[in-house]
Protein chains: 2
Amino acid sequence: MVGRVDVARRAGVSPAVVSYVLNGSHPVSDETRLRVEAAILELDYRPNALARSLATSRSHTLGLLIPDSSNPYFAELASAVEDAALASNLVVLLGNGADDAGRELGYLRAFRDRQVDGVIAVFGAGFEEGWREISKRRMPAVSLDRLPPGLDVPSVVVDNIGGARVATEHLVEHGRRRIACITGGAELSSARDRARGWSEALADAGLVGGGVAAGTRVGEAQPVSPLLSYGAFTVDSGYTAATELLRRDPSVDAIFVASDMQAMGVLRAVADVGRTPGADLAIVGFDGTKLSEYTTPRLTTITQPYAQLATEAVGMLGRIIADPASDRAAMHLVLPTELTRRDTCGCGPP
Amino acid sequence: MVGRVDVARRAGVSPAVVSYVLNGSHPVSDETRLRVEAAILELDYRPNALARSLATSRSHTLGLLIPDSSNPYFAELASAVEDAALASNLVVLLGNGADDAGRELGYLRAFRDRQVDGVIAVFGAGFEEGWREISKRRMPAVSLDRLPPGLDVPSVVVDNIGGARVATEHLVEHGRRRIACITGGAELSSARDRARGWSEALADAGLVGGGVAAGTRVGEAQPVSPLLSYGAFTVDSGYTAATELLRRDPSVDAIFVASDMQAMGVLRAVADVGRTPGADLAIVGFDGTKLSEYTTPRLTTITQPYAQLATEAVGMLGRIIADPASDRAAMHLVLPTELTRRDTCGCGPP
DNA sequence: CTGAAAGCGCTTACAG
DNA sequence: CTGAAAGCGCTTACAG
């Protein structure tokens, strides 16, 4: 492998000078610079990033922790983060926590060992242990998509309560009266806040169904309403929940589903029991994944601003890296969502 | 940050000894080992992987290049690779080529600069330039999911021709006579081979529609049959292609769609024109993504062995890394697919 | 503007 | 079994 020394020799300068022209941090005469640049090109030299990182304490690498990278929603989110990282000249080290606290912690350590400049984490099972590790190691980090239970950490999330309210209100506008909610894991702020928004909207409309034990912490959230079902943000979970819900209470005339993946499962379950989405059962999802546009019928959903979420998260991380002493507790960003009207709510053909 | 020297001081030994117990590569007295281990625990010391890599020339990091990581099929494939990598104690550096040759090359360089132990690549647009870079830099690498046009490189792929044949034959068994094919980009071996399998099955059954300019290279593949449509492995592409196809030729009674994502778009298009999948139009997809189980109607598809593909790819890469002089040209693996019968083919309710 | 030298945090012959 | 020392490939004061 050709190294800096080879370039120096070829250009007839000292190795240090090669670094100087590489980094442009030091004055170099034009004539010398040209010779070195020529040598670099001729030898097709590329500096060893590891050695450089060791010397500079900057790896230009970002650790990204995702709870389930094969889930299309997270895949879209991760892809957006990667784009934003690339724009900041950062390469992504990817960790799929697989909703396992041990695995999440393992990746966090692997990231730290490799001296990532920072991490963007969507924690699953191991939020508390994970964040403790991050704090202990003083790693720059921002929590994306969800908030840790009871911890004050830099975060970028969407207005889950607001989005869920809009979704539910839209269902109410369509004349629905018995509106259920199928959401994700009760330990996730995103899942709980979406249930909360649904609950609040119902209360405002004078409808029954509310009561989510709002503001609860891990373990405390209970499906206090028979119309509310906690599960997981997966297709299977949505399928199971809807099957169960419709069996238990056929009078349900609408469902706010807190993720598109679950909504796809719900659509399947609804077809199984012979109901017609958009007609005798209105449905609104959450996420606005690319796929939501192609379901049959088309899914009405709450669209998240992926690119913006990613850009803001990377930006926030950049600020923390630049100024480690910055007040991280004050870094919280909540982005708005948007209602995308399609067919399952009743706006279009069933 | 606590370093090896701190541990050494605390344990009352030389820094070298800390390395010895860390790596277990050198004899150390039990008593000393215990003292060092205690110091490591007390100081919560973790070795700097960058420094270690610089000294050992092994980064325990793998570069994974994906053409579109937000596409659910690739997300599942990437996730499988990550699992396999983890099992081999490798962390994944992820690059989303975004079907852009320049971006692919950029990631390849970023991987090399960071001294990845090897790369697993699913090339999009820049197969040739990308592989040239890999060869020039002598990076251990294996091509996953597709073969480069005209290049002999280590690869792990699925039996695309065979799978497509099975899919098409199944359609024939259902009594279909006018069977179209919607596939991916004509420059991709996977897309071409699936079209080829379809064509061969038609010929075997004495049906019209064949002719894919089989064995073609980039740019030469032409949609020689009006029943064959090249596009891209995305939902939108599938939607567009099916809309166009059904408008042009309403007599089509079946479609073999070469990817599940496209099939989801096809399902949407079919609903738009008022046809009924599984009844007056049979459909079989390809990939066996998790989502395919939840479409309405349920998608019959050719299932790929994700975990096995990933494990074999990582294993092959491991062999190349272990023995750089190994005969890479001889490393080719083709795994079988499986027909998953559901509803869109006519086996189940429409 | 240029270069010798120390340092980044490890590994690993080699000598003792 | 233990340790001093060279080396991995860079960066960056510091002196000239």
# chains A, B, ... in the order shown; residues from 1 in each chain; ligands from 1
$ interface_residues --of "chain C" --to "chain B" --cutoff "6 Å" --atoms "only C-alpha atoms (C1' of nucleotides)" --output "PDB file with N, CA, C and O atoms (P, O5', C5', C4', C3', O3' and C1' of nucleotides), in the first residue's frame"
ATOM      1  P    DG C   9      -4.192   9.099  23.355  1.00  0.00           P
ATOM      2  O5'  DG C   9      -4.290   7.532  23.105  1.00  0.00           O
ATOM      3  C5'  DG C   9      -5.322   7.037  22.280  1.00  0.00           C
ATOM      4  C4'  DG C   9      -5.031   5.592  21.940  1.00  0.00           C
ATOM      5  C3'  DG C   9      -4.706   4.703  23.141  1.00  0.00           C
ATOM      6  O3'  DG C   9      -5.400   3.493  22.998  1.00  0.00           O
ATOM      7  C1'  DG C   9      -3.013   4.517  21.542  1.00  0.00           C
ATOM      8  P    DC C  10      -5.541   2.407  24.125  1.00  0.00           P
ATOM      9  O5'  DC C  10      -5.458   1.097  23.252  1.00  0.00           O
ATOM     10  C5'  DC C  10      -4.295   0.277  23.234  1.00  0.00           C
ATOM     11  C4'  DC C  10      -4.012  -0.108  21.823  1.00  0.00           C
ATOM     12  C3'  DC C  10      -3.206  -1.394  21.719  1.00  0.00           C
ATOM     13  O3'  DC C  10      -4.056  -2.465  21.354  1.00  0.00           O
ATOM     14  C1'  DC C  10      -2.181   0.364  20.433  1.00  0.00           C
ATOM     15  P    DT C  11      -3.552  -3.953  21.603  1.00  0.00           P
ATOM     16  O5'  DT C  11      -2.394  -4.146  20.526  1.00  0.00           O
ATOM     17  C5'  DT C  11      -2.731  -4.285  19.156  1.00  0.00           C
ATOM     18  C4'  DT C  11      -1.510  -4.734  18.388  1.00  0.00           C
ATOM     19  C3'  DT C  11      -0.984  -6.109  18.795  1.00  0.00           C
ATOM     20  O3'  DT C  11      -0.598  -6.764  17.598  1.00  0.00           O
ATOM     21  C1'  DT C  11       0.737  -4.505  19.055  1.00  0.00           C
TER      22       DT C  11
END
$ closest_atom_pairs --of "chain A" --to "chain B" --cutoff "6 Å" --atoms "only C-alpha atoms" --output "CSV"
residue,atom,partner,partner_atom,distance
A:Asn48,CA,B:Asp113,CA,5.3
A:Ala49,CA,B:Asp113,CA,5.0
A:Leu50,CA,B:Arg114,CA,5.7
A:Ser70,CA,B:Glu76,CA,4.6
A:Pro72,CA,B:Pro72,CA,5.3
A:Ala75,CA,B:Ser70,CA,4.9
A:Glu76,CA,B:Ser70,CA,4.6
A:Ser79,CA,B:Ser70,CA,5.7
A:Val92,CA,B:Leu94,CA,5.7
A:Leu93,CA,B:Leu93,CA,4.4
A:Leu94,CA,B:Val92,CA,5.7
A:Asp113,CA,B:Ala49,CA,5.0
A:Arg114,CA,B:Ala49,CA,5.1
A:Arg268,CA,B:Tyr294,CA,5.7
A:Tyr294,CA,B:Arg268,CA,5.7
$ atom_distance --atom1 "atom CA of B:Arg194" --atom2 "atom CA of B:Gly163"
7.4 Å
$ residues_around --residues "D:DA4" --least-positions-apart "5" --cutoff "10 Å" --atoms "only C-alpha atoms (C1' of nucleotides)" --output "PDB file with N, CA and C atoms (P, O5', C5', C4', C3', O3' and C1' of nucleotides), in the first residue's frame"
ATOM      1  N   SER B  14       3.832  -2.897  33.199  1.00  0.00           N
ATOM      2  CA  SER B  14       4.142  -2.076  32.024  1.00  0.00           C
ATOM      3  C   SER B  14       2.951  -2.114  31.066  1.00  0.00           C
ATOM      4  N   ALA B  16       2.731  -2.835  28.089  1.00  0.00           N
ATOM      5  CA  ALA B  16       2.724  -4.013  27.224  1.00  0.00           C
ATOM      6  C   ALA B  16       1.919  -5.145  27.852  1.00  0.00           C
TER       7      ALA B  16
ATOM      8  P    DC C  14      12.409 -11.203  16.045  1.00  0.00           P
ATOM      9  O5'  DC C  14      13.038 -10.594  17.389  1.00  0.00           O
ATOM     10  C5'  DC C  14      13.149  -9.168  17.507  1.00  0.00           C
ATOM     11  C4'  DC C  14      13.761  -8.844  18.853  1.00  0.00           C
ATOM     12  C3'  DC C  14      14.678  -9.958  19.397  1.00  0.00           C
ATOM     13  O3'  DC C  14      15.951  -9.400  19.701  1.00  0.00           O
ATOM     14  C1'  DC C  14      13.095  -9.292  21.038  1.00  0.00           C
ATOM     15  P    DA C  15      17.140 -10.361  20.269  1.00  0.00           P
ATOM     16  O5'  DA C  15      17.250  -9.818  21.762  1.00  0.00           O
ATOM     17  C5'  DA C  15      17.158  -8.404  21.991  1.00  0.00           C
ATOM     18  C4'  DA C  15      17.151  -8.145  23.483  1.00  0.00           C
ATOM     19  C3'  DA C  15      18.149  -8.985  24.279  1.00  0.00           C
ATOM     20  O3'  DA C  15      18.742  -8.144  25.264  1.00  0.00           O
ATOM     21  C1'  DA C  15      15.967  -9.367  25.107  1.00  0.00           C
TER      22       DA C  15
END
$ select_by_dssp --residues "stretch 11-136 of chain A" --states "strand (DSSP E)" --output "ChimeraX atom specification"
/A:61-66,91-96,118-121
$ atom_distance --atom1 "atom CA of A:Gly175" --atom2 "atom CA of A:Thr340"
18.3 Å
$ residues_around --residues "B:Arg247" --least-positions-apart "6" --cutoff "12 Å" --atoms "only C-alpha atoms (C1' of nucleotides)" --output "short mmCIF file (atom, residue, chain, number, x, y, z; two decimals) with all heavy atoms, in the first residue's frame"
data_model
loop_
_atom_site.label_atom_id
_atom_site.label_comp_id
_atom_site.auth_asym_id
_atom_site.auth_seq_id
_atom_site.Cartn_x
_atom_site.Cartn_y
_atom_site.Cartn_z
N THR B 240 -46.35 2.16 -12.60
CA THR B 240 -46.31 2.74 -13.94
C THR B 240 -46.33 1.67 -15.03
O THR B 240 -47.10 1.74 -15.98
CB THR B 240 -45.03 3.58 -14.12
OG1 THR B 240 -44.92 4.47 -13.01
CG2 THR B 240 -45.05 4.35 -15.41
N ALA B 241 -45.49 0.68 -14.85
CA ALA B 241 -45.39 -0.38 -15.85
C ALA B 241 -46.71 -1.12 -16.02
O ALA B 241 -47.14 -1.40 -17.15
CB ALA B 241 -44.28 -1.36 -15.45
N ALA B 269 -52.08 -0.65 -9.36
CA ALA B 269 -52.50 -0.32 -10.72
C ALA B 269 -53.67 -1.19 -11.16
O ALA B 269 -54.61 -0.73 -11.80
CB ALA B 269 -51.32 -0.52 -11.68
N VAL B 270 -53.63 -2.44 -10.79
CA VAL B 270 -54.68 -3.38 -11.15
C VAL B 270 -56.00 -2.96 -10.51
O VAL B 270 -57.06 -2.99 -11.14
CB VAL B 270 -54.29 -4.81 -10.68
CG1 VAL B 270 -55.48 -5.74 -10.81
CG2 VAL B 270 -53.12 -5.31 -11.51
N ASP B 272 -56.79 0.02 -9.74
CA ASP B 272 -57.20 1.25 -10.43
C ASP B 272 -58.02 0.98 -11.70
O ASP B 272 -58.94 1.71 -12.01
CB ASP B 272 -55.97 2.10 -10.81
CG ASP B 272 -55.44 2.87 -9.61
OD1 ASP B 272 -56.09 2.84 -8.55
OD2 ASP B 272 -54.39 3.50 -9.75
N VAL B 273 -57.63 -0.06 -12.43
CA VAL B 273 -58.35 -0.34 -13.67
C VAL B 273 -59.52 -1.29 -13.43
O VAL B 273 -60.13 -1.78 -14.38
CB VAL B 273 -57.42 -0.92 -14.75
CG1 VAL B 273 -56.32 0.08 -15.07
CG2 VAL B 273 -56.83 -2.25 -14.30
N GLY B 274 -59.77 -1.58 -12.17
CA GLY B 274 -60.94 -2.40 -11.86
C GLY B 274 -60.80 -3.90 -12.09
O GLY B 274 -61.78 -4.62 -12.18
N ARG B 275 -59.57 -4.35 -12.16
CA ARG B 275 -59.37 -5.79 -12.32
C ARG B 275 -59.20 -6.41 -10.94
O ARG B 275 -58.88 -5.72 -9.97
CB ARG B 275 -58.11 -6.03 -13.14
CG ARG B 275 -58.25 -5.53 -14.56
CD ARG B 275 -58.55 -6.71 -15.48
NE ARG B 275 -57.71 -6.64 -16.65
CZ ARG B 275 -57.17 -7.70 -17.24
NH1 ARG B 275 -57.37 -8.91 -16.75
NH2 ARG B 275 -56.43 -7.56 -18.31
#
$ residues_around --residues "B:Val334" --least-positions-apart "6" --cutoff "7 Å" --atoms "only C-alpha atoms (C1' of nucleotides)" --output "PyMOL selection string"
chain B and resi 156-159
$ write_last_selection --atoms "N, CA, C and O atoms" --output "mmCIF file, in the first residue's frame"
data_model
loop_
_atom_site.group_PDB
_atom_site.id
_atom_site.type_symbol
_atom_site.label_atom_id
_atom_site.label_comp_id
_atom_site.auth_asym_id
_atom_site.auth_seq_id
_atom_site.Cartn_x
_atom_site.Cartn_y
_atom_site.Cartn_z
ATOM 1 N N VAL B 156 -22.490 -13.965 -4.542
ATOM 2 C CA VAL B 156 -23.529 -14.781 -3.933
ATOM 3 C C VAL B 156 -24.841 -14.246 -4.478
ATOM 4 O O VAL B 156 -25.188 -13.086 -4.245
ATOM 5 N N VAL B 157 -25.521 -15.063 -5.226
ATOM 6 C CA VAL B 157 -26.799 -14.645 -5.793
ATOM 7 C C VAL B 157 -27.798 -15.781 -5.657
ATOM 8 O O VAL B 157 -27.464 -16.886 -5.236
ATOM 9 N N VAL B 158 -29.009 -15.487 -6.044
ATOM 10 C CA VAL B 158 -30.071 -16.455 -5.973
ATOM 11 C C VAL B 158 -30.266 -16.993 -7.388
ATOM 12 O O VAL B 158 -29.847 -16.378 -8.364
ATOM 13 N N ASP B 159 -30.882 -18.138 -7.513
ATOM 14 C CA ASP B 159 -31.133 -18.696 -8.844
ATOM 15 C C ASP B 159 -32.296 -17.943 -9.485
ATOM 16 O O ASP B 159 -33.441 -18.379 -9.443
#
$ decode --residues "stretch 291-328 of chain A" --atoms "N, CA, C and O atoms" --output "PDB file, in the first residue's frame"
ATOM      1  N   LEU A 291     -44.576   3.401   0.944  1.00  0.00           N
ATOM      2  CA  LEU A 291     -45.512   2.303   0.729  1.00  0.00           C
ATOM      3  C   LEU A 291     -46.963   2.694   0.965  1.00  0.00           C
ATOM      4  O   LEU A 291     -47.883   2.152   0.339  1.00  0.00           O
ATOM      5  N   SER A 292     -47.199   3.629   1.865  1.00  0.00           N
ATOM      6  CA  SER A 292     -48.578   3.965   2.233  1.00  0.00           C
ATOM      7  C   SER A 292     -49.390   4.462   1.041  1.00  0.00           C
ATOM      8  O   SER A 292     -50.605   4.407   1.034  1.00  0.00           O
ATOM      9  N   GLU A 293     -48.672   4.916   0.045  1.00  0.00           N
ATOM     10  CA  GLU A 293     -49.355   5.446  -1.130  1.00  0.00           C
ATOM     11  C   GLU A 293     -49.904   4.340  -2.024  1.00  0.00           C
ATOM     12  O   GLU A 293     -50.729   4.581  -2.888  1.00  0.00           O
ATOM     13  N   TYR A 294     -49.388   3.139  -1.825  1.00  0.00           N
ATOM     14  CA  TYR A 294     -49.742   2.057  -2.732  1.00  0.00           C
ATOM     15  C   TYR A 294     -50.601   0.946  -2.152  1.00  0.00           C
ATOM     16  O   TYR A 294     -50.818  -0.077  -2.782  1.00  0.00           O
ATOM     17  N   THR A 295     -51.063   1.122  -0.941  1.00  0.00           N
ATOM     18  CA  THR A 295     -51.913   0.071  -0.376  1.00  0.00           C
ATOM     19  C   THR A 295     -53.263   0.126  -1.083  1.00  0.00           C
ATOM     20  O   THR A 295     -53.574   1.082  -1.770  1.00  0.00           O
ATOM     21  N   THR A 296     -54.051  -0.913  -0.892  1.00  0.00           N
ATOM     22  CA  THR A 296     -55.398  -0.944  -1.462  1.00  0.00           C
ATOM     23  C   THR A 296     -56.381  -1.128  -0.326  1.00  0.00           C
ATOM     24  O   THR A 296     -56.340  -2.164   0.331  1.00  0.00           O
ATOM     25  N   PRO A 297     -57.249  -0.148  -0.073  1.00  0.00           N
ATOM     26  CA  PRO A 297     -57.236   1.183  -0.673  1.00  0.00           C
ATOM     27  C   PRO A 297     -56.042   1.988  -0.173  1.00  0.00           C
ATOM     28  O   PRO A 297     -55.354   1.584   0.757  1.00  0.00           O
ATOM     29  N   ARG A 298     -55.829   3.126  -0.798  1.00  0.00           N
ATOM     30  CA  ARG A 298     -54.686   3.961  -0.426  1.00  0.00           C
ATOM     31  C   ARG A 298     -54.838   4.452   1.007  1.00  0.00           C
ATOM     32  O   ARG A 298     -55.908   4.900   1.408  1.00  0.00           O
ATOM     33  N   LEU A 299     -53.738   4.401   1.728  1.00  0.00           N
ATOM     34  CA  LEU A 299     -53.766   4.766   3.140  1.00  0.00           C
ATOM     35  C   LEU A 299     -53.695   6.271   3.414  1.00  0.00           C
ATOM     36  O   LEU A 299     -52.766   6.954   2.999  1.00  0.00           O
ATOM     37  N   THR A 300     -54.677   6.756   4.133  1.00  0.00           N
ATOM     38  CA  THR A 300     -54.616   8.137   4.601  1.00  0.00           C
ATOM     39  C   THR A 300     -53.713   8.078   5.824  1.00  0.00           C
ATOM     40  O   THR A 300     -53.831   7.169   6.652  1.00  0.00           O
ATOM     41  N   THR A 301     -52.784   9.018   5.918  1.00  0.00           N
ATOM     42  CA  THR A 301     -51.815   8.904   7.007  1.00  0.00           C
ATOM     43  C   THR A 301     -51.242  10.253   7.421  1.00  0.00           C
ATOM     44  O   THR A 301     -51.462  11.273   6.760  1.00  0.00           O
ATOM     45  N   ILE A 302     -50.536  10.229   8.529  1.00  0.00           N
ATOM     46  CA  ILE A 302     -49.870  11.429   9.027  1.00  0.00           C
ATOM     47  C   ILE A 302     -48.426  11.338   8.556  1.00  0.00           C
ATOM     48  O   ILE A 302     -47.692  10.445   8.965  1.00  0.00           O
ATOM     49  N   THR A 303     -48.033  12.261   7.711  1.00  0.00           N
ATOM     50  CA  THR A 303     -46.695  12.192   7.125  1.00  0.00           C
ATOM     51  C   THR A 303     -45.626  12.903   7.959  1.00  0.00           C
ATOM     52  O   THR A 303     -45.800  14.044   8.367  1.00  0.00           O
ATOM     53  N   GLN A 304     -44.545  12.197   8.180  1.00  0.00           N
ATOM     54  CA  GLN A 304     -43.421  12.760   8.924  1.00  0.00           C
ATOM     55  C   GLN A 304     -42.421  13.388   7.952  1.00  0.00           C
ATOM     56  O   GLN A 304     -42.234  12.894   6.841  1.00  0.00           O
ATOM     57  N   PRO A 305     -41.731  14.429   8.369  1.00  0.00           N
ATOM     58  CA  PRO A 305     -40.735  15.086   7.518  1.00  0.00           C
ATOM     59  C   PRO A 305     -39.368  14.417   7.667  1.00  0.00           C
ATOM     60  O   PRO A 305     -38.491  14.936   8.351  1.00  0.00           O
ATOM     61  N   TYR A 306     -39.210  13.273   7.006  1.00  0.00           N
ATOM     62  CA  TYR A 306     -37.974  12.493   7.144  1.00  0.00           C
ATOM     63  C   TYR A 306     -36.681  13.282   6.959  1.00  0.00           C
ATOM     64  O   TYR A 306     -35.796  13.259   7.810  1.00  0.00           O
ATOM     65  N   ALA A 307     -36.602  13.941   5.814  1.00  0.00           N
ATOM     66  CA  ALA A 307     -35.359  14.653   5.508  1.00  0.00           C
ATOM     67  C   ALA A 307     -35.056  15.696   6.576  1.00  0.00           C
ATOM     68  O   ALA A 307     -33.910  15.836   7.029  1.00  0.00           O
ATOM     69  N   GLN A 308     -36.081  16.389   6.999  1.00  0.00           N
ATOM     70  CA  GLN A 308     -35.875  17.433   7.987  1.00  0.00           C
ATOM     71  C   GLN A 308     -35.468  16.848   9.349  1.00  0.00           C
ATOM     72  O   GLN A 308     -34.585  17.367  10.027  1.00  0.00           O
ATOM     73  N   LEU A 309     -36.136  15.767   9.727  1.00  0.00           N
ATOM     74  CA  LEU A 309     -35.784  15.101  10.989  1.00  0.00           C
ATOM     75  C   LEU A 309     -34.303  14.746  10.973  1.00  0.00           C
ATOM     76  O   LEU A 309     -33.568  15.000  11.930  1.00  0.00           O
ATOM     77  N   ALA A 310     -33.880  14.162   9.864  1.00  0.00           N
ATOM     78  CA  ALA A 310     -32.499  13.712   9.746  1.00  0.00           C
ATOM     79  C   ALA A 310     -31.522  14.885   9.754  1.00  0.00           C
ATOM     80  O   ALA A 310     -30.519  14.880  10.478  1.00  0.00           O
ATOM     81  N   THR A 311     -31.829  15.888   8.977  1.00  0.00           N
ATOM     82  CA  THR A 311     -30.952  17.052   8.902  1.00  0.00           C
ATOM     83  C   THR A 311     -30.811  17.733  10.253  1.00  0.00           C
ATOM     84  O   THR A 311     -29.710  18.102  10.675  1.00  0.00           O
ATOM     85  N   GLU A 312     -31.925  17.888  10.929  1.00  0.00           N
ATOM     86  CA  GLU A 312     -31.885  18.534  12.236  1.00  0.00           C
ATOM     87  C   GLU A 312     -31.112  17.700  13.242  1.00  0.00           C
ATOM     88  O   GLU A 312     -30.375  18.229  14.076  1.00  0.00           O
ATOM     89  N   ALA A 313     -31.297  16.403  13.186  1.00  0.00           N
ATOM     90  CA  ALA A 313     -30.593  15.528  14.132  1.00  0.00           C
ATOM     91  C   ALA A 313     -29.081  15.603  13.910  1.00  0.00           C
ATOM     92  O   ALA A 313     -28.300  15.748  14.859  1.00  0.00           O
ATOM     93  N   VAL A 314     -28.692  15.541  12.644  1.00  0.00           N
ATOM     94  CA  VAL A 314     -27.261  15.616  12.341  1.00  0.00           C
ATOM     95  C   VAL A 314     -26.730  17.007  12.704  1.00  0.00           C
ATOM     96  O   VAL A 314     -25.624  17.141  13.237  1.00  0.00           O
ATOM     97  N   GLY A 315     -27.528  18.008  12.454  1.00  0.00           N
ATOM     98  CA  GLY A 315     -27.109  19.372  12.791  1.00  0.00           C
ATOM     99  C   GLY A 315     -26.927  19.535  14.293  1.00  0.00           C
ATOM    100  O   GLY A 315     -25.931  20.104  14.753  1.00  0.00           O
ATOM    101  N   MET A 316     -27.890  19.051  15.043  1.00  0.00           N
ATOM    102  CA  MET A 316     -27.815  19.139  16.498  1.00  0.00           C
ATOM    103  C   MET A 316     -26.575  18.402  17.011  1.00  0.00           C
ATOM    104  O   MET A 316     -25.841  18.896  17.867  1.00  0.00           O
ATOM    105  N   LEU A 317     -26.326  17.247  16.432  1.00  0.00           N
ATOM    106  CA  LEU A 317     -25.160  16.465  16.828  1.00  0.00           C
ATOM    107  C   LEU A 317     -23.892  17.267  16.531  1.00  0.00           C
ATOM    108  O   LEU A 317     -22.967  17.316  17.344  1.00  0.00           O
ATOM    109  N   GLY A 318     -23.882  17.891  15.393  1.00  0.00           N
ATOM    110  CA  GLY A 318     -22.733  18.700  15.007  1.00  0.00           C
ATOM    111  C   GLY A 318     -22.463  19.803  16.010  1.00  0.00           C
ATOM    112  O   GLY A 318     -21.311  20.070  16.368  1.00  0.00           O
ATOM    113  N   ARG A 319     -23.525  20.416  16.492  1.00  0.00           N
ATOM    114  CA  ARG A 319     -23.354  21.492  17.471  1.00  0.00           C
ATOM    115  C   ARG A 319     -22.795  20.949  18.789  1.00  0.00           C
ATOM    116  O   ARG A 319     -21.956  21.571  19.430  1.00  0.00           O
ATOM    117  N   ILE A 320     -23.258  19.773  19.169  1.00  0.00           N
ATOM    118  CA  ILE A 320     -22.765  19.177  20.411  1.00  0.00           C
ATOM    119  C   ILE A 320     -21.291  18.808  20.271  1.00  0.00           C
ATOM    120  O   ILE A 320     -20.491  19.000  21.182  1.00  0.00           O
ATOM    121  N   ILE A 321     -20.948  18.286  19.096  1.00  0.00           N
ATOM    122  CA  ILE A 321     -19.554  17.911  18.860  1.00  0.00           C
ATOM    123  C   ILE A 321     -18.665  19.159  18.889  1.00  0.00           C
ATOM    124  O   ILE A 321     -17.600  19.160  19.503  1.00  0.00           O
ATOM    125  N   ALA A 322     -19.142  20.204  18.227  1.00  0.00           N
ATOM    126  CA  ALA A 322     -18.359  21.441  18.155  1.00  0.00           C
ATOM    127  C   ALA A 322     -18.188  22.071  19.531  1.00  0.00           C
ATOM    128  O   ALA A 322     -17.138  22.623  19.846  1.00  0.00           O
ATOM    129  N   ASP A 323     -19.212  21.979  20.353  1.00  0.00           N
ATOM    130  CA  ASP A 323     -19.136  22.577  21.679  1.00  0.00           C
ATOM    131  C   ASP A 323     -19.672  21.600  22.728  1.00  0.00           C
ATOM    132  O   ASP A 323     -20.845  21.636  23.087  1.00  0.00           O
ATOM    133  N   PRO A 324     -18.782  20.734  23.191  1.00  0.00           N
ATOM    134  CA  PRO A 324     -19.188  19.682  24.139  1.00  0.00           C
ATOM    135  C   PRO A 324     -19.778  20.253  25.428  1.00  0.00           C
ATOM    136  O   PRO A 324     -20.492  19.565  26.145  1.00  0.00           O
ATOM    137  N   ALA A 325     -19.475  21.514  25.678  1.00  0.00           N
ATOM    138  CA  ALA A 325     -19.960  22.119  26.912  1.00  0.00           C
ATOM    139  C   ALA A 325     -21.343  22.733  26.734  1.00  0.00           C
ATOM    140  O   ALA A 325     -21.930  23.262  27.674  1.00  0.00           O
ATOM    141  N   SER A 326     -21.867  22.653  25.517  1.00  0.00           N
ATOM    142  CA  SER A 326     -23.170  23.263  25.262  1.00  0.00           C
ATOM    143  C   SER A 326     -24.250  22.647  26.154  1.00  0.00           C
ATOM    144  O   SER A 326     -24.131  21.521  26.622  1.00  0.00           O
ATOM    145  N   ASP A 327     -25.285  23.401  26.337  1.00  0.00           N
ATOM    146  CA  ASP A 327     -26.347  22.947  27.225  1.00  0.00           C
ATOM    147  C   ASP A 327     -27.254  21.940  26.526  1.00  0.00           C
ATOM    148  O   ASP A 327     -28.259  22.279  25.923  1.00  0.00           O
ATOM    149  N   ARG A 328     -26.888  20.714  26.660  1.00  0.00           N
ATOM    150  CA  ARG A 328     -27.627  19.669  25.953  1.00  0.00           C
ATOM    151  C   ARG A 328     -29.066  19.531  26.426  1.00  0.00           C
ATOM    152  O   ARG A 328     -29.956  19.167  25.665  1.00  0.00           O
TER     153      ARG A 328
END
